[in-house]
Amino acid sequence: MQATATVLVYSDDANTREQVRLATGRRPAPDVPVVEFVECATPAAVLAELDRGGIDVCVLDGEAVPVGGMGMCRQIKDEVFNCPPVLLLIGRPQDAWLATWSRAEAAVALPVEPVEFASALAGLLRQTYLRSA
C-alpha cells in the first residue's frame, strides 16, 4: 500500500475544509493510507491542482460559491483525464440526486458527520488503490 493518499478539498468556507480534515484524522480507516490534504478555495485552484496531478480523491463542497461543488464535479469529470473519484458535500440528503447528475462517486450531507464522512472517503480510497494495483 502507498504511504500517503492526497485528498483535494474544495470549499470557499475555511470551516468546511476544517470539518473535512477533522473528520478524516490521519487516516479514515486502518486499511487505507495516511491522508495529506490539498486545500482549494477557488475553482481555478482546483483545476490547477488537478492539472498538476497526484490527487487520489476530491472532496467538493456543493454549497461553495461562486461555483458549487456539483458544477465543479461535472466540469472536472468532463475535462480532466482520469479524473479522481469525487466525494460531494451536499446541503441536504434530498440533494443526492443532484450528486448523481454531477457524476460524483459518493455524497454526504453537511454538516460533516465524522463517521459517515470517514466511511465514504475510505471507500473511495479503497477503490482508487484497487484500480491502481
# chains A, B, ... in the order shown; residues from 1 in each chain; ligands from 1
>>> residues_around(residues="Phe117 (chain A)", least_positions_apart="6", cutoff="12 Å", atoms="only C-alpha atoms", output="JSON, numbers by chain")
{"A": [19, 20, 21, 22, 23, 24, 25, 27, 28, 29, 59, 87, 88, 89, 90, 106, 107, 108, 109, 110, 111, 123, 124]}
>>> residues_around(residues="Gly62 (chain A)", least_positions_apart="5", cutoff="9 Å", atoms="only C-alpha atoms", output="VMD selection string")
chain A and resid 11 67 to 72 88 to 91 99
>>> write_last_selection(atoms="C-alpha atoms", output="PDB file, in the first residue's frame")
ATOM      1  CA  SER A  11     -14.688  24.899  -0.348  1.00  0.00           C
ATOM      2  CA  VAL A  67     -19.008  27.710  -8.266  1.00  0.00           C
ATOM      3  CA  GLY A  68     -20.692  24.958  -6.300  1.00  0.00           C
ATOM      4  CA  GLY A  69     -19.144  21.542  -5.912  1.00  0.00           C
ATOM      5  CA  MET A  70     -21.779  19.908  -8.123  1.00  0.00           C
ATOM      6  CA  GLY A  71     -20.956  22.124 -11.092  1.00  0.00           C
ATOM      7  CA  MET A  72     -17.241  21.780 -10.354  1.00  0.00           C
ATOM      8  CA  LEU A  88     -19.557  15.611  -2.756  1.00  0.00           C
ATOM      9  CA  LEU A  89     -20.699  17.508   0.338  1.00  0.00           C
ATOM     10  CA  ILE A  90     -24.391  18.294  -0.152  1.00  0.00           C
ATOM     11  CA  GLY A  91     -26.627  20.722   1.718  1.00  0.00           C
ATOM     12  CA  ALA A  99     -24.831  14.444  -6.875  1.00  0.00           C
TER      13      ALA A  99
END
>>> residues_around(residues="Pro84 (chain A)", least_positions_apart="6", cutoff="7 Å", atoms="only C-alpha atoms", output="PyMOL selection string")
chain A and resi 55-58
>>> residues_around(residues="Glu39 (chain A)", least_positions_apart="3", cutoff="9 Å", atoms="only C-alpha atoms", output="PyMOL selection string")
chain A and resi 7-11+17+45-46
>>> residues_around(residues="Gln127 (chain A)", least_positions_apart="2", cutoff="12 Å", atoms="only C-alpha atoms", output="JSON, numbers by chain")
{"A": [31, 32, 56, 57, 84, 85, 86, 105, 106, 120, 121, 122, 123, 124, 125, 129, 130, 131, 132, 133]}
>>> select_by_dssp(residues="region 3-102 of chain A", states="strand (DSSP E or B)", output="list in words")
Thr4, Ala5, Thr6, Val7, Leu8, Val9, Tyr10, Val34, Val35, Glu36, Phe37, Val38, Glu39, Cys40, Val57, Cys58, Val59, Leu60, Asp61, Val86, Leu87, Leu88, Leu89 and Ile90 of chain A
>>> decode(residues="region 13-32 of chain A", atoms="N, CA and C atoms", output="PDB file, in the first residue's frame")
ATOM      1  N   ASP A  13     -15.328  28.023   2.164  1.00  0.00           N
ATOM      2  CA  ASP A  13     -15.502  28.184   3.609  1.00  0.00           C
ATOM      3  C   ASP A  13     -14.400  27.420   4.354  1.00  0.00           C
ATOM      4  N   ALA A  14     -13.538  28.157   5.036  1.00  0.00           N
ATOM      5  CA  ALA A  14     -12.441  27.528   5.784  1.00  0.00           C
ATOM      6  C   ALA A  14     -12.971  26.576   6.859  1.00  0.00           C
ATOM      7  N   ASN A  15     -14.134  26.860   7.426  1.00  0.00           N
ATOM      8  CA  ASN A  15     -14.710  25.970   8.448  1.00  0.00           C
ATOM      9  C   ASN A  15     -15.101  24.618   7.858  1.00  0.00           C
ATOM     10  N   THR A  16     -15.614  24.618   6.648  1.00  0.00           N
ATOM     11  CA  THR A  16     -15.967  23.356   5.989  1.00  0.00           C
ATOM     12  C   THR A  16     -14.712  22.546   5.700  1.00  0.00           C
ATOM     13  N   ARG A  17     -13.670  23.205   5.216  1.00  0.00           N
ATOM     14  CA  ARG A  17     -12.415  22.498   4.972  1.00  0.00           C
ATOM     15  C   ARG A  17     -11.876  21.901   6.279  1.00  0.00           C
ATOM     16  N   GLU A  18     -11.998  22.651   7.374  1.00  0.00           N
ATOM     17  CA  GLU A  18     -11.544  22.153   8.671  1.00  0.00           C
ATOM     18  C   GLU A  18     -12.376  20.945   9.116  1.00  0.00           C
ATOM     19  N   GLN A  19     -13.695  20.980   8.899  1.00  0.00           N
ATOM     20  CA  GLN A  19     -14.551  19.843   9.247  1.00  0.00           C
ATOM     21  C   GLN A  19     -14.085  18.575   8.539  1.00  0.00           C
ATOM     22  N   VAL A  20     -13.726  18.726   7.261  1.00  0.00           N
ATOM     23  CA  VAL A  20     -13.243  17.578   6.483  1.00  0.00           C
ATOM     24  C   VAL A  20     -11.945  17.043   7.074  1.00  0.00           C
ATOM     25  N   ARG A  21     -11.015  17.930   7.378  1.00  0.00           N
ATOM     26  CA  ARG A  21      -9.729  17.491   7.958  1.00  0.00           C
ATOM     27  C   ARG A  21      -9.941  16.781   9.292  1.00  0.00           C
ATOM     28  N   LEU A  22     -10.777  17.361  10.137  1.00  0.00           N
ATOM     29  CA  LEU A  22     -11.003  16.779  11.458  1.00  0.00           C
ATOM     30  C   LEU A  22     -11.743  15.448  11.372  1.00  0.00           C
ATOM     31  N   ALA A  23     -12.699  15.329  10.457  1.00  0.00           N
ATOM     32  CA  ALA A  23     -13.444  14.073  10.308  1.00  0.00           C
ATOM     33  C   ALA A  23     -12.555  12.959   9.770  1.00  0.00           C
ATOM     34  N   THR A  24     -11.558  13.325   8.975  1.00  0.00           N
ATOM     35  CA  THR A  24     -10.662  12.333   8.381  1.00  0.00           C
ATOM     36  C   THR A  24      -9.606  11.879   9.375  1.00  0.00           C
ATOM     37  N   GLY A  25      -9.082  12.814  10.144  1.00  0.00           N
ATOM     38  CA  GLY A  25      -7.960  12.482  11.019  1.00  0.00           C
ATOM     39  C   GLY A  25      -6.733  12.168  10.178  1.00  0.00           C
ATOM     40  N   ARG A  26      -5.848  11.338  10.711  1.00  0.00           N
ATOM     41  CA  ARG A  26      -4.649  10.958   9.937  1.00  0.00           C
ATOM     42  C   ARG A  26      -5.009  10.007   8.803  1.00  0.00           C
ATOM     43  N   ARG A  27      -5.961   9.117   9.058  1.00  0.00           N
ATOM     44  CA  ARG A  27      -6.441   8.191   8.030  1.00  0.00           C
ATOM     45  C   ARG A  27      -7.885   7.843   8.372  1.00  0.00           C
ATOM     46  N   PRO A  28      -8.742   7.742   7.349  1.00  0.00           N
ATOM     47  CA  PRO A  28     -10.158   7.498   7.624  1.00  0.00           C
ATOM     48  C   PRO A  28     -10.487   6.057   8.015  1.00  0.00           C
ATOM     49  N   ALA A  29      -9.572   5.120   7.760  1.00  0.00           N
ATOM     50  CA  ALA A  29      -9.766   3.715   8.133  1.00  0.00           C
ATOM     51  C   ALA A  29      -8.390   3.053   8.200  1.00  0.00           C
ATOM     52  N   PRO A  30      -8.266   1.992   8.978  1.00  0.00           N
ATOM     53  CA  PRO A  30      -6.951   1.356   9.143  1.00  0.00           C
ATOM     54  C   PRO A  30      -6.374   0.745   7.867  1.00  0.00           C
ATOM     55  N   ASP A  31      -7.229   0.407   6.899  1.00  0.00           N
ATOM     56  CA  ASP A  31      -6.747  -0.282   5.699  1.00  0.00           C
ATOM     57  C   ASP A  31      -6.493   0.654   4.511  1.00  0.00           C
ATOM     58  N   VAL A  32      -6.469   1.956   4.758  1.00  0.00           N
ATOM     59  CA  VAL A  32      -6.151   2.920   3.700  1.00  0.00           C
ATOM     60  C   VAL A  32      -4.957   3.760   4.140  1.00  0.00           C
TER      61      VAL A  32
END
